[in-house]
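Student: Contents of my_file20.cif (mmCIF, C-alpha atoms):
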data_upload
#
loop_
_atom_site.label_atom_id
_atom_site.label_comp_id
_atom_site.auth_asym_id
_atom_site.auth_seq_id
_atom_site.Cartn_x
_atom_site.Cartn_y
_atom_site.Cartn_z
CA MET Y 985 -6.00 19.43 -9.33
CA ARG Y 986 -4.91 19.58 -12.97
CA ASN Y 987 -2.09 21.66 -14.41
CA TYR Y 988 -1.34 20.88 -18.03
CA LYS Y 989 1.75 23.09 -17.89
CA ILE Y 990 3.51 20.64 -15.54
CA PRO Y 991 5.67 18.27 -17.63
CA THR Y 992 5.90 14.55 -16.99
CA LEU Y 993 8.03 12.08 -18.92
CA THR Y 994 7.63 8.38 -19.65
CA ILE Y 995 10.59 6.24 -20.77
CA ALA Y 996 9.12 2.97 -22.00
CA GLY Y 997 8.15 0.75 -24.91
CA SER Y 998 5.41 1.40 -27.44
CA ASP Y 999 2.25 -0.74 -27.48
CA SER Y 1000 0.85 -0.78 -31.01
CA SER Y 1001 -2.64 -1.56 -29.71
CA GLY Y 1002 -2.65 1.46 -27.38
CA GLY Y 1003 -3.56 -0.26 -24.12
CA ALA Y 1004 -0.20 -0.34 -22.32
CA GLY Y 1005 3.29 1.12 -22.53
CA ILE Y 1006 3.92 4.64 -23.81
CA GLN Y 1007 0.36 4.97 -25.04
CA ALA Y 1008 -1.20 4.11 -21.66
CA ASP Y 1009 1.25 6.42 -19.89
CA LEU Y 1010 0.43 9.41 -22.08
CA LYS Y 1011 -3.31 8.80 -21.75
CA THR Y 1012 -2.93 8.65 -17.97
CA PHE Y 1013 -0.84 11.83 -17.82
CA SER Y 1014 -3.53 13.63 -19.82
CA ALA Y 1015 -6.44 12.20 -17.81
CA ILE Y 1016 -4.90 13.23 -14.48
CA GLY Y 1017 -3.82 16.59 -15.83
CA THR Y 1018 -0.14 16.93 -16.68
CA TYR Y 1019 1.80 17.57 -19.88
CA GLY Y 1020 3.03 14.20 -21.11
CA MET Y 1021 6.29 13.59 -22.98
CA SER Y 1022 7.92 10.33 -24.08
CA VAL Y 1023 11.18 8.56 -24.74
CA ILE Y 1024 10.56 5.31 -26.63
CA THR Y 1025 12.90 2.42 -25.80
CA ALA Y 1026 11.37 -0.32 -27.95
CA ILE Y 1027 8.62 -1.00 -30.47
CA THR Y 1028 6.34 -3.93 -29.71
CA ALA Y 1029 4.01 -5.68 -32.12
CA GLN Y 1030 1.09 -6.45 -29.82
CA ASN Y 1031 -2.65 -6.38 -29.49
CA THR Y 1032 -5.25 -7.50 -26.97
CA GLU Y 1033 -4.30 -11.14 -27.57
CA GLY Y 1034 -0.60 -10.87 -26.85
CA VAL Y 1035 2.88 -9.58 -27.69
CA PHE Y 1036 4.24 -11.01 -30.94
CA ASP Y 1037 7.56 -9.25 -31.42
CA VAL Y 1038 9.82 -6.61 -29.87
CA GLU Y 1039 12.45 -4.47 -31.53
CA GLU Y 1040 14.66 -2.32 -29.34
CA LEU Y 1041 15.67 1.15 -30.44
CA SER Y 1042 19.35 2.02 -30.68
CA SER Y 1043 21.32 3.28 -27.73
CA LYS Y 1044 22.03 6.49 -29.65
CA ILE Y 1045 18.41 7.47 -30.29
CA ILE Y 1046 17.33 6.63 -26.73
CA LYS Y 1047 20.04 8.89 -25.28
CA GLU Y 1048 19.26 11.61 -27.83
CA GLN Y 1049 15.56 11.53 -26.93
CA ILE Y 1050 16.36 12.00 -23.23
CA LYS Y 1051 18.78 14.82 -24.01
CA ALA Y 1052 16.36 16.60 -26.34
CA VAL Y 1053 13.50 16.50 -23.86
CA CYS Y 1054 15.40 17.30 -20.67
CA GLU Y 1055 17.49 20.14 -22.09
CA ASP Y 1056 14.36 21.92 -23.29
CA ILE Y 1057 11.46 20.82 -21.06
CA MET Y 1058 12.82 19.35 -17.84
CA PRO Y 1059 10.12 17.06 -16.40
CA ASN Y 1060 8.83 17.36 -12.84
CA SER Y 1061 8.64 13.57 -12.67
CA ILE Y 1062 9.80 10.62 -14.77
CA LYS Y 1063 8.28 7.16 -15.15
CA ILE Y 1064 10.51 4.33 -16.40
CA GLY Y 1065 8.73 1.30 -17.78
CA MET Y 1066 9.87 -1.30 -20.32
CA VAL Y 1067 13.68 -1.31 -20.60
CA SER Y 1068 14.56 -4.69 -22.03
CA SER Y 1069 18.37 -4.86 -22.30
CA PRO Y 1070 21.36 -4.26 -20.00
CA GLU Y 1071 22.72 -1.65 -22.42
CA ILE Y 1072 19.48 0.36 -22.52
CA ILE Y 1073 19.23 0.34 -18.73
CA LEU Y 1074 22.80 1.61 -18.37
CA ASP Y 1075 22.24 4.29 -21.02
CA ILE Y 1076 19.12 5.57 -19.26
CA ALA Y 1077 20.79 5.59 -15.84
CA GLU Y 1078 23.84 7.48 -17.15
CA SER Y 1079 21.67 9.95 -19.08
CA LEU Y 1080 19.43 10.73 -16.11
CA LYS Y 1081 22.43 11.47 -13.89
CA LYS Y 1082 22.96 14.53 -16.12
CA TYR Y 1083 19.38 15.68 -15.53
CA PRO Y 1084 18.56 15.02 -11.86
CA CYS Y 1085 14.86 14.60 -11.15
CA LYS Y 1086 13.48 14.10 -7.63
CA TYR Y 1087 10.57 11.92 -8.67
CA ILE Y 1088 11.63 8.87 -10.67
CA VAL Y 1089 9.04 6.10 -10.73
CA VAL Y 1090 10.42 2.71 -11.80
CA ASP Y 1091 7.87 0.14 -12.96
CA PRO Y 1092 10.01 -3.00 -13.40
CA VAL Y 1093 8.17 -4.44 -16.42
CA MET Y 1094 9.36 -8.02 -16.93
CA ILE Y 1095 6.59 -10.14 -18.46
CA SER Y 1096 3.52 -9.11 -20.43
CA LYS Y 1097 0.05 -10.20 -19.33
CA SER Y 1098 0.14 -12.78 -22.14
CA GLY Y 1099 3.42 -14.23 -20.87
CA TYR Y 1100 5.90 -12.62 -23.29
CA SER Y 1101 9.25 -11.77 -21.67
CA LEU Y 1102 9.85 -8.02 -21.94
CA LEU Y 1103 13.09 -7.97 -19.93
CA ARG Y 1104 16.03 -10.08 -21.01
CA PRO Y 1105 17.23 -12.36 -18.17
CA GLU Y 1106 20.69 -10.77 -18.27
CA ALA Y 1107 19.15 -7.29 -17.85
CA LYS Y 1108 17.75 -7.98 -14.38
CA GLU Y 1109 21.13 -7.37 -12.76
CA ASN Y 1110 21.44 -3.91 -14.34
CA LEU Y 1111 17.86 -3.06 -13.36
CA ILE Y 1112 18.70 -3.86 -9.74
CA LYS Y 1113 22.13 -2.22 -9.83
CA TYR Y 1114 21.43 1.01 -11.71
CA LEU Y 1115 17.74 1.92 -12.04
CA ILE Y 1116 16.12 0.78 -8.80
CA PRO Y 1117 18.60 2.72 -6.62
CA MET Y 1118 17.73 5.90 -8.56
CA ALA Y 1119 14.00 5.50 -7.93
CA TYR Y 1120 11.86 7.63 -5.67
CA ILE Y 1121 9.39 4.74 -5.82
CA VAL Y 1122 9.44 1.27 -7.38
CA THR Y 1123 6.10 -0.35 -8.31
CA PRO Y 1124 6.50 -4.12 -8.80
CA ASN Y 1125 3.65 -6.59 -9.00
CA ILE Y 1126 4.12 -9.89 -7.17
CA PRO Y 1127 5.90 -11.86 -9.95
CA GLU Y 1128 8.26 -8.92 -10.51
CA ALA Y 1129 8.88 -8.54 -6.78
CA GLU Y 1130 9.66 -12.25 -6.53
CA GLU Y 1131 12.30 -11.86 -9.25
CA ILE Y 1132 13.88 -8.80 -7.64
CA SER Y 1133 13.81 -10.03 -4.02
CA ASN Y 1134 14.39 -13.75 -4.75
CA MET Y 1135 11.46 -14.54 -2.43
CA LYS Y 1136 8.26 -16.47 -2.90
CA ILE Y 1137 5.24 -14.25 -2.18
CA GLU Y 1138 1.97 -15.89 -1.21
CA THR Y 1139 0.56 -13.65 1.53
CA VAL Y 1140 0.34 -9.98 2.49
CA GLU Y 1141 3.02 -10.62 5.10
CA ASP Y 1142 5.26 -12.00 2.32
CA MET Y 1143 4.59 -8.81 0.35
CA LYS Y 1144 5.79 -6.75 3.30
CA LYS Y 1145 8.98 -8.81 3.70
CA ALA Y 1146 9.80 -8.68 -0.02
CA GLY Y 1147 9.11 -4.95 -0.09
CA LYS Y 1148 11.61 -4.41 2.70
CA GLU Y 1149 14.21 -6.40 0.77
CA ILE Y 1150 13.65 -4.25 -2.33
CA LEU Y 1151 13.88 -1.12 -0.17
CA LYS Y 1152 17.41 -2.17 0.77
CA LEU Y 1153 18.41 -1.75 -2.90
CA GLY Y 1154 18.10 2.01 -2.60
CA PRO Y 1155 14.70 3.41 -3.60
CA LYS Y 1156 12.93 5.74 -1.19
CA TYR Y 1157 9.64 3.82 -1.42
CA VAL Y 1158 8.27 0.53 -2.73
CA LEU Y 1159 4.67 0.04 -3.78
CA MET Y 1160 4.01 -3.70 -3.73
CA LYS Y 1161 1.01 -4.42 -5.94
CA GLY Y 1162 -1.00 -7.39 -4.74
CA GLY Y 1163 -3.29 -7.97 -7.69
CA HIS Y 1164 -1.98 -11.51 -8.20
CA LEU Y 1165 -3.17 -12.64 -4.75
CA GLU Y 1166 -6.70 -13.90 -4.08
CA GLY Y 1167 -9.33 -11.74 -2.38
CA ASP Y 1168 -9.43 -7.96 -2.20
CA ALA Y 1169 -6.89 -5.95 -4.20
CA VAL Y 1170 -4.29 -5.07 -1.55
CA ASP Y 1171 -1.29 -2.85 -2.28
CA ILE Y 1172 1.38 -1.98 0.29
CA LEU Y 1173 3.49 1.19 0.39
CA ILE Y 1174 6.77 0.71 2.24
CA GLY Y 1175 9.39 3.32 3.14
CA GLU Y 1176 12.00 3.69 5.86
CA ASP Y 1177 9.36 5.17 8.18
CA THR Y 1178 6.28 4.35 6.12
CA PHE Y 1179 3.90 1.43 6.00
CA GLU Y 1180 0.50 1.94 4.41
CA ILE Y 1181 -2.03 -0.63 3.25
CA TYR Y 1182 -4.37 0.28 0.39
CA LYS Y 1183 -7.27 -2.11 0.07
CA SER Y 1184 -10.03 -2.00 -2.51
CA GLU Y 1185 -12.61 -4.38 -3.89
CA ARG Y 1186 -11.48 -6.63 -6.70
CA ILE Y 1187 -13.29 -5.55 -9.85
CA ASP Y 1188 -14.45 -8.58 -11.86
CA ARG Y 1189 -13.45 -7.46 -15.36
CA LYS Y 1190 -11.44 -9.29 -17.98
CA ASN Y 1191 -10.27 -6.07 -19.60
CA THR Y 1192 -7.19 -5.17 -17.58
CA HIS Y 1193 -4.61 -4.54 -20.31
CA GLY Y 1194 -2.17 -1.88 -19.15
CA THR Y 1195 -3.06 -1.75 -15.46
CA GLY Y 1196 0.55 -1.77 -14.24
CA CYS Y 1197 1.63 0.94 -16.69
CA THR Y 1198 -1.40 3.01 -15.77
CA ILE Y 1199 -1.02 3.04 -11.99
CA SER Y 1200 2.70 3.83 -12.18
CA SER Y 1201 2.10 6.72 -14.58
CA ALA Y 1202 -0.77 7.91 -12.36
CA ILE Y 1203 1.65 8.05 -9.42
CA THR Y 1204 4.12 9.91 -11.64
CA SER Y 1205 1.45 12.52 -12.47
CA HIS Y 1206 0.26 12.96 -8.89
CA LEU Y 1207 3.82 13.43 -7.61
CA ALA Y 1208 4.45 16.03 -10.31
CA LEU Y 1209 1.29 17.86 -9.24
CA GLY Y 1210 2.64 18.19 -5.70
CA TYR Y 1211 0.87 15.42 -3.77
CA ASP Y 1212 2.88 13.64 -1.09
CA ILE Y 1213 3.64 9.98 -1.63
CA LYS Y 1214 0.79 8.58 0.48
CA GLU Y 1215 -1.81 10.77 -1.22
CA ALA Y 1216 -0.28 10.16 -4.66
CA VAL Y 1217 -0.61 6.39 -4.20
CA LYS Y 1218 -4.11 6.69 -2.73
CA LEU Y 1219 -5.37 8.81 -5.63
CA SER Y 1220 -3.66 6.57 -8.17
CA LYS Y 1221 -5.17 3.46 -6.62
CA GLU Y 1222 -8.62 5.07 -6.84
CA TYR Y 1223 -7.96 6.04 -10.45
CA ILE Y 1224 -6.92 2.56 -11.61
CA THR Y 1225 -9.82 0.94 -9.72
CA GLU Y 1226 -12.34 3.09 -11.58
CA ALA Y 1227 -10.47 2.72 -14.88
CA ILE Y 1228 -10.84 -1.05 -14.49
CA ARG Y 1229 -14.50 -0.72 -13.44
CA HIS Y 1230 -15.18 1.26 -16.63
CA SER Y 1231 -12.98 -0.91 -18.87
CA PHE Y 1232 -14.41 -1.98 -22.20
CA ASP Y 1233 -14.17 -4.62 -24.91
CA MET Y 1234 -11.69 -3.81 -27.65
CA GLY Y 1235 -10.32 -6.47 -29.97
CA HIS Y 1236 -10.59 -10.22 -29.38
CA GLY Y 1237 -8.60 -10.60 -26.15
CA VAL Y 1238 -7.91 -8.66 -22.95
CA GLY Y 1239 -9.20 -5.14 -23.60
CA PRO Y 1240 -7.90 -1.88 -22.12
CA VAL Y 1241 -8.86 -0.01 -18.99
CA HIS Y 1242 -10.74 3.25 -19.54
CA HIS Y 1243 -8.27 6.07 -18.95
CA PHE Y 1244 -10.82 8.80 -19.61
CA TYR Y 1245 -13.82 7.48 -17.67
CA LYS Y 1246 -14.07 10.78 -15.75
CA PHE Y 1247 -14.82 12.68 -18.93
CA GLU Y 1248 -17.80 10.63 -20.14
#
Starting from the file, give its structure as structure tokens.

Tutor:
Amino acid sequence: MRNYKIPTLTIAGSDSSGGAGIQADLKTFSAIGTYGMSVITAITAQNTEGVFDVEELSSKIIKEQIKAVCEDIMPNSIKIGMVSSPEIILDIAESLKKYPCKYIVVDPVMISKSGYSLLRPEAKENLIKYLIPMAYIVTPNIPEAEEISNMKIETVEDMKKAGKEILKLGPKYVLMKGGHLEGDAVDILIGEDTFEIYKSERIDRKNTHGTGCTISSAITSHLALGYDIKEAVKLSKEYITEAIRHSFDMGHGVGPVHHFYKFE
């Protein structure tokens, strides 16, 4: 079900190599079938081998981007990715209060796959205090969930407990991504009256750059298209699994997933 007239918005950092961040989000929006828009929060100098530098945009231009988009083309759903400073987080939260959107997907990006910190330590408090409570769904991986919940996660049962702790912070749903555990790829969707387990085979591919950005923007698209949360997560899980299966070599390091595998 595609409808390229349905607008979706990503608020995140730019990945100069195109595999993650804003670029991955926009590719995903297009592949699933929505009209993608963007608010850039930071510019990263990165490639398949790592992140080498980050420069945040000014508070003024971030707020002006949100205003310009939302006053003209109000999105059906919004994905929030890399927001590295306390000030940027507060600016986004205050701006979005002026333009209420039912479906806000918060992907709490903290550390790049290469180990570069994308969230300042002092920003974690604002992420927890301002953005997570606004979220329809939060999509942390295990290291991010450990930071937010202050729990060690080593099992699926630990994932469930940490998810419940994050749920107490105010989002309607938490999707706990279990890719860092051994065995099958198990994700858990937790809500006040919801508990769903999504299990899929672990695809043995080294090219997984942008997986977190991609699944969160896939959920954003599916929610905008009218799917309920369980179906949106199910379809997004299927999408990222196949995008990883069809991933390809690009550059000298960890290559990207294939956002447009369906169109080959």

Student: Once the PyMOL selection byres ((chain Y and resi 1093) around 9) is applied to the coordinates I shared, what remains selected? I want it as a list of chain:residue names.

Tutor: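 Those residues are Y:Gly1065, Y:Met1066, Y:Val1067, Y:Ser1068, Y:Val1090, Y:Asp1091, Y:Pro1092, Y:Met1094, Y:Ile1095, Y:Ser1096, Y:Leu1102, Y:Leu1103, Y:Pro1124, Y:Asn1125, Y:Glu1128, Y:Gly1196, Y:Cys1197.
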
Student: So that I have them on file, write out the residues from the current selection with C-alpha atoms, as a PDB file, keeping the file's coordinate frame.

Tutor:
ATOM      1  CA  GLY Y1065       8.730   1.300 -17.780  1.00  0.00           C
ATOM      2  CA  MET Y1066       9.870  -1.300 -20.320  1.00  0.00           C
ATOM      3  CA  VAL Y1067      13.680  -1.310 -20.600  1.00  0.00           C
ATOM      4  CA  SER Y1068      14.560  -4.690 -22.030  1.00  0.00           C
ATOM      5  CA  VAL Y1090      10.420   2.710 -11.800  1.00  0.00           C
ATOM      6  CA  ASP Y1091       7.870   0.140 -12.960  1.00  0.00           C
ATOM      7  CA  PRO Y1092      10.010  -3.000 -13.400  1.00  0.00           C
ATOM      8  CA  MET Y1094       9.360  -8.020 -16.930  1.00  0.00           C
ATOM      9  CA  ILE Y1095       6.590 -10.140 -18.460  1.00  0.00           C
ATOM     10  CA  SER Y1096       3.520  -9.110 -20.430  1.00  0.00           C
ATOM     11  CA  LEU Y1102       9.850  -8.020 -21.940  1.00  0.00           C
ATOM     12  CA  LEU Y1103      13.090  -7.970 -19.930  1.00  0.00           C
ATOM     13  CA  PRO Y1124       6.500  -4.120  -8.800  1.00  0.00           C
ATOM     14  CA  ASN Y1125       3.650  -6.590  -9.000  1.00  0.00           C
ATOM     15  CA  GLU Y1128       8.260  -8.920 -10.510  1.00  0.00           C
ATOM     16  CA  GLY Y1196       0.550  -1.770 -14.240  1.00  0.00           C
ATOM     17  CA  CYS Y1197       1.630   0.940 -16.690  1.00  0.00           C
TER      18      CYS Y1197
END

Student: Provide the CA of Leu1010 (chain Y) to CA of Ile1112 (chain Y) distance in Å, to one decimal place.

Tutor: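 The value is 25.7 Å.
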
Student: Using only C-alpha atoms, can you tell me which of Y:Lys1051, Y:Gly1210, Y:Ser1200, Y:Gly1237 comes closest to Asp1009 (chain Y)?

Tutor: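 When distances to Asp1009 (chain Y) are compared using only C-alpha atoms, the smallest one comes from Y:Ser1200.
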
Student: Figure out the distance between CA of Ala1052 (chain Y) and CA of Ile990 (chain Y), please, to one decimal in Å.

Tutor: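 Atom-to-atom, CA of Ile990 (chain Y) to CA of Ala1052 (chain Y), that is 17.3 Å.
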
Student: Taking all atoms listed in the file into account, which of Y:Pro1084, Y:Glu1048, Y:Val1217, Y:Asp1177 comes nearest Thr1123 (chain Y)?

Tutor: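 The shortest atom-to-atom distance to Thr1123 (chain Y) comes from Y:Val1217.
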
Student: Any chance you could work out the residue set of the PyMOL selection byres ((chain Y and resi 1181) around 10) here, as a list in words?

Tutor: Val1140, Lys1144, Leu1159, Met1160, Val1170, Asp1171, Ile1172, Leu1173, Ile1174, Phe1179, Glu1180, Tyr1182, Lys1183, Ser1184 and Lys1218 of chain Y

Student: With all atoms listed in the file as the basis for distance, which of Y:Val1089, Y:Leu1074, Y:Ala1208, Y:Ile1150 is at the shortest distance from Pro991 (chain Y)?

Tutor: Y:Ala1208

Student: Name all residues at most 9 Å from Arg1229 (chain Y) (count all atoms listed in the file; drop same-chain ones fewer than 4 positions away) and give them as a PyMOL selection string.

Tutor: chain Y and resi 1187-1189+1224-1225+1241-1242

Student: When the PyMOL selection byres ((chain Y and resi 1077) around 12) is applied to the structure above, which residues does it catch, written out as JSON, numbers by chain?

Tutor: {"Y": [995, 1046, 1047, 1050, 1064, 1067, 1070, 1071, 1072, 1073, 1074, 1075, 1076, 1078, 1079, 1080, 1081, 1082, 1083, 1084, 1085, 1088, 1090, 1110, 1111, 1112, 1113, 1114, 1115, 1116, 1117, 1118, 1119]}

Student: What's the separation between CA of Glu1039 (chain Y) and CA of Met1058 (chain Y), in Å to one decimal place?

Tutor: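 Straight-line distance from CA of Glu1039 (chain Y) to CA of Met1058 (chain Y) works out to 27.5 Å.
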
Student: Can you tell me, as number ranges by chain, what residues are no more than 7 Å from Val1038 (chain Y) when counting all atoms listed in the file, ignoring any on the same chain fewer than 4 positions away?

Tutor: Y: 1026-1029

Student: Selection from above, C-alpha atoms, as a CSV table (one decimal), in the coordinates of the input, can you write it?

Tutor:
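Generated output (part-v4.csv):
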chain,number,residue,atom,x,y,z
Y,1026,ALA,CA,11.4,-0.3,-28.0
Y,1027,ILE,CA,8.6,-1.0,-30.5
Y,1028,THR,CA,6.3,-3.9,-29.7
Y,1029,ALA,CA,4.0,-5.7,-32.1

Student: Given all atoms listed in the file as the basis, pick out the residue of Y:Gln1049, Y:Thr1204, Y:Gln1007, Y:Ser1231 nearest to Lys1063 (chain Y).

Tutor: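 Nearest to Lys1063 (chain Y): Y:Thr1204.
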
Student: Can you list, as a VMD selection string, every protein, DNA or RNA residue that comes within 7 Å of Pro1240 (chain Y) when you count all atoms listed in the file, leaving out same-chain residues fewer than 4 positions away?

Tutor: chain Y and resid 1003 1191 to 1194 1231 to 1232 1234
